[in-house]
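J.: Structure below; questions to follow.
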Amino acid sequence: MRQAAFAYSFQGSSHINSERNLGKKFPCQDRSFSGDFAPSDLAESKRINLFVRDSSSFSSLVQLPVELNPHKLGFSLACVSDGHGGEAYFRSQRGAELAVQTAVELLSESIDKIASALQQKDYLKINKNISKSFVRRWICKVMLDLASTKQEDLLAQINELEKDDAKSAACYKSELEAAFSLAEKFSKLPRPVSSVPSENTEPSSITNDFAKLEIKSIYGCTAVVYFSIKDSPTWYAFKIGDSDFYASFDGKFVKPIADDPLCYENVTTSLCDSNAFMHFRFPEVQYLGRLPETVFLSSDGVADSFTDEDFFKKFYLQLQFAFDEDGQLKAGTDIRESLPDLSVNGSGDDVSLAGIVSYDDSIEAKRFRRLEARRLADKRWKENAYPEIRQIFKPYLERNERDFKYLVAAYDLCQTRKMSKETFSREFLSQWSMAFASLKAAGEDVNLLHKAKEIKHAIKELGKLMEIAIDTDVRKTVVDRSQDYIDGIFNSDSAEEEKVYSYYKALYEYKWLRRCFENVRRTSFYAMFAKTEEDLIKASQASALTPVENAQTLPKTMLSRMHVMMAKYWSELK
């Protein structure tokens with residue numbers, strides 16, 4: 001089993017369009033990171049690399065300095081921070097970077113204590129310490145960032161905000177002096193100063209006072225963080241805001257952290273909220289105790305690109321399958337290429353995805369997965385759950401694998417056999433059409449030449465099944481049927497499918513016409529004649545798409561028989 005870590009952030013398509021239309025910069029406000037940290041006896045300064053792609057960026061690499069503390073335990077970390085998109089949060093991308101810094105530094109400082117508390121299952125203590133420490137550390141970083149900013153530069157940004165949000169601009173201006181005064185005091189404190197000041201100390205007082213100011217909202221962002229202890233089944237996670245965290249256990253993806261009801265539509269909790277620590281959310285206990293196989297963390301721009309959670313989970317299953325089949329290099333390339341498209345076709349928002357993936361791309365594992373897919377498909381068939389079979393085979397069909405192309409055609413034929421014994425219906429026609437398409441695709445695959453005889457026989461059987469189903473329906477319901485019924489049941493949104501149906505629609509009309517004549521329903525026969533004649537001519541022209549050997553000549557035979565019946569009809573009238 002191998003492991004891969006990745007993190008990518010892309011500017012949203014709506015922001016790119018706004019840049020083109022308005023001539024202003026709307027950079028990606030997401031930041032994400034994923035990586036490993038070995039045990040260390042030393043405090044060290046280093047830089048971590050973040051992948052951030054803007055439309056105007058020369059490079060996708062953002063280097064972020066972090067201060068690491070000594071820690072006995074190694075750990076893996078993945079995090080995503082989503083800066084708020086409103087005009088009032090004009091430094092939110094910087095706030096997101098500070099959130100990533102906070103996650104890395106907090107864990108390097110606290111991982112040994114957190115691991116000990118997790119062993120004791122003291123979750124209340126862990127939750128309280130993480131939430132308060134994370135918020136306080138983030139606020140300290142905001143103060144240091146503010147202290148490195150010229151006051152007149154920030155004032156210019158606030159003046160620019162006044163055009164779009166006068167209320168927020170007025171609030172920020174009223175707090176500007178106080179904010180810079182507190183930031184300057186904090187920046188001048190002797191170093192090293194703990195980023196998590198203890199109670200009743202001057203740093204704590206400064207931090208508490210700054211936390212009460214609304215101006216910190218210019219850095220507003222959310223955060224979701226996952227971490228695991230090296231060589232241990234111990235893991236934990238936390239989040240504030242509307243980002244998502246999914247983990248897989250036994251191949252199934254779940255949401256270990258329940259959604260916050262305070263986050264809905266475009267409303268979210270944030271690190272810039274008053275008492276932000278109260279809005280942190282943590283894993284449900286039943287998921288702890290064993291390590292997830294794979295975890296994915298994403299900003300809400302990813303989730304909002306899907307119609308519901310089931311599709312979101314399928315997206316993650318596809319990513320997992322890509323790693324298992326193609327390995328880290330190919331799967332990582334696919335993610336980088338697909339995320340921008342996800343924004344274009346979905347939310348339009350910035351999109352970030354970080355993950356730690358366990359995968360097995362060995363030949364033995366691939367062979368085992370295919371055997372399992374066949375076994376599961378057979379089980380679903382016995383359980384009368386045919387629709388699930390195509391979903392099981394879907395990843396292999398998308399890779400155009402010949403064995404599964406043939407297998408799905410065989411299952412489609414079996415299902416058509418089963419449905420042919422039931423009431424003739426639109427559902428049967430759809431199933432028949434699906435089986436024909438599957439068999440035709442298999443027959444055209446040069447890699448399945450060794451199955452050519454079986455496929456040809458199956459296509460012939462499929463044609464017979466349709467003819468029998470039509471004959472049975474006509475015999476049972478000749479009195480109740482009408483041209484509207486026939487038009488409706490053979491109607492299709494697909495031009496290709498309509499051509500395939502054309503012969504069978506004409507055949508149904510011909511058989512129904514003959515039954516009307518035999519049952520002395522001469523009025524219906526006469527009214528139907530011209531329409532059937534027209535459809536039989538169309539059917540002969542579309543013969544190449546029909547699984548009938550004499551599809552071109554049979555309509556002509558039926559036409560001649562119809563004219564015999566019509567001649568008899570006129571003679572009876574005379």
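Here's how to read the names in the structure tokens: chain A, B, ... by the order shown, residue numbers from 1 in each chain, ligand numbers from 1 in the order shown.
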What's around Val351 (chain A) at 6 Å? Count only C-alpha atoms, leave out sequence neighbours fewer than 2 positions away in its own chain, and write the answer as a PyMOL selection string.
T.: chain A and resi 9-10+301-302
J.: Let me see the file: selected residues, C-alpha atoms, as a PDB file, in the first residue's frame.
T.:
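The new file part-v3.pdb reads:
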ATOM      1  CA  SER A   9      -6.166  25.706  -5.065  1.00  0.00           C
ATOM      2  CA  PHE A  10      -7.571  27.335  -8.201  1.00  0.00           C
ATOM      3  CA  GLY A 301     -16.613  25.743  -4.128  1.00  0.00           C
ATOM      4  CA  VAL A 302     -16.057  22.026  -4.779  1.00  0.00           C
TER       5      VAL A 302
END
J.: For region 108-123 of chain A, please output as a list in words all residues within 8 Å (counting only C-alpha atoms; exclusion window: fewer than 6 positions along the same chain).
T.: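 After dropping sequence-adjacent residues, the list is Leu68, Asn69, Pro70, His71, Lys72, Leu73, Phe75, Ile229 and Thr234 of chain A.
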J.: Applying 12 Å and only C-alpha atoms, which residues near Asp209 (chain A) remain after dropping the ones on its own chain fewer than 2 positions away? List them as a PyMOL selection string.
T.: chain A and resi 136+139-140+143+175+178-183+185-186+202-207+211-216+274
J.: CA of Pro233 (chain A) and CA of Leu77 (chain A) are how many Å apart?
T.: 14.2 Å
J.: Among the residues of region 318-540 of chain A, find those DSSP assigns to alpha helix (DSSP H) from the backbone and print them as a PyMOL selection string.
T.: chain A and resi 318-345+363-382+387-398+402-420+426-443+452-477+483-489+495-518+522-540
J.: Skipping near chain neighbours, those fewer than 2 positions away, what residues fall within 10 Å of Ile486 (chain A) using only C-alpha atoms, listed as number ranges by chain?
T.: A: 481-484, 488-491, 505-506, 508-509, 512
J.: Rounded to one decimal in Å, what is the spacing between CA of Thr532 (chain A) and CA of Met565 (chain A)?
T.: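 Atom-to-atom, CA of Thr532 (chain A) and CA of Met565 (chain A) are spaced 13.0 Å apart.
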J.: Using only C-alpha atoms, pick whichever of A:Lys456, A:Met558, A:Val295, A:Asp242 has the shortest atom-to-atom distance to Tyr359 (chain A).
T.: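 Of A:Lys456, A:Met558, A:Val295, A:Asp242, the one nearest Tyr359 (chain A) is A:Val295, counting only C-alpha atoms.
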J.: Neighbouring residues of Lys239 (chain A) were defined as those with any atom within 7 Å, considering only C-alpha atoms; residues of the same chain fewer than 4 positions away were excluded. Please report them as a PDB file with N, CA, C and O atoms, in the first residue's frame.
T.:
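selection.pdb, written as the output of this step:
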ATOM      1  N   ALA A 223     -11.684  27.274   7.920  1.00  0.00           N
ATOM      2  CA  ALA A 223     -10.559  26.329   7.984  1.00  0.00           C
ATOM      3  C   ALA A 223     -11.074  24.927   8.279  1.00  0.00           C
ATOM      4  O   ALA A 223     -12.003  24.750   9.062  1.00  0.00           O
ATOM      5  N   VAL A 224     -10.464  23.935   7.618  1.00  0.00           N
ATOM      6  CA  VAL A 224     -10.707  22.530   7.936  1.00  0.00           C
ATOM      7  C   VAL A 224      -9.349  21.842   7.955  1.00  0.00           C
ATOM      8  O   VAL A 224      -8.533  22.033   7.061  1.00  0.00           O
ATOM      9  N   VAL A 225      -9.099  21.056   9.016  1.00  0.00           N
ATOM     10  CA  VAL A 225      -7.778  20.470   9.243  1.00  0.00           C
ATOM     11  C   VAL A 225      -7.931  18.997   9.630  1.00  0.00           C
ATOM     12  O   VAL A 225      -8.773  18.653  10.467  1.00  0.00           O
ATOM     13  N   PHE A 280     -16.240  25.820  16.367  1.00  0.00           N
ATOM     14  CA  PHE A 280     -15.430  24.704  15.865  1.00  0.00           C
ATOM     15  C   PHE A 280     -16.225  23.394  15.994  1.00  0.00           C
ATOM     16  O   PHE A 280     -16.991  23.204  16.941  1.00  0.00           O
ATOM     17  N   ARG A 281     -16.020  22.519  15.026  1.00  0.00           N
ATOM     18  CA  ARG A 281     -16.698  21.222  15.043  1.00  0.00           C
ATOM     19  C   ARG A 281     -15.659  20.116  14.889  1.00  0.00           C
ATOM     20  O   ARG A 281     -14.632  20.298  14.225  1.00  0.00           O
ATOM     21  N   PHE A 282     -15.963  18.951  15.501  1.00  0.00           N
ATOM     22  CA  PHE A 282     -14.979  17.869  15.603  1.00  0.00           C
ATOM     23  C   PHE A 282     -15.608  16.537  15.202  1.00  0.00           C
ATOM     24  O   PHE A 282     -16.825  16.433  15.076  1.00  0.00           O
TER      25      PHE A 282
END
J.: Would you work out the distance separating CA of Pro283 (chain A) from CA of Ser338 (chain A), expressed in Å to one decimal?
T.: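 About the pair CA of Pro283 (chain A) and CA of Ser338 (chain A): they are 28.9 Å apart.
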J.: For each of A:Arg515, A:Lys230, A:Arg53, A:Lys538, take the minimum atom-to-atom distance to Tyr503 (chain A), counting only C-alpha atoms, then give the residue where this is smallest.
T.: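 Of the candidates, the smallest distance to Tyr503 (chain A) is held by A:Lys538.
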J.: Which of region 72-311 of chain A end up as strand (DSSP E) when DSSP is run on this backbone - answer as a PyMOL selection string?
T.: chain A and resi 75-82+223-229+235-240+244-249+252-254+294-298
J.: Which residues are near region 245-252 of chain A? Cut-off 6 Å, only C-alpha atoms, ignore same chain within fewer than 6 positions. Put them as a PyMOL selection string.
T.: chain A and resi 292-297
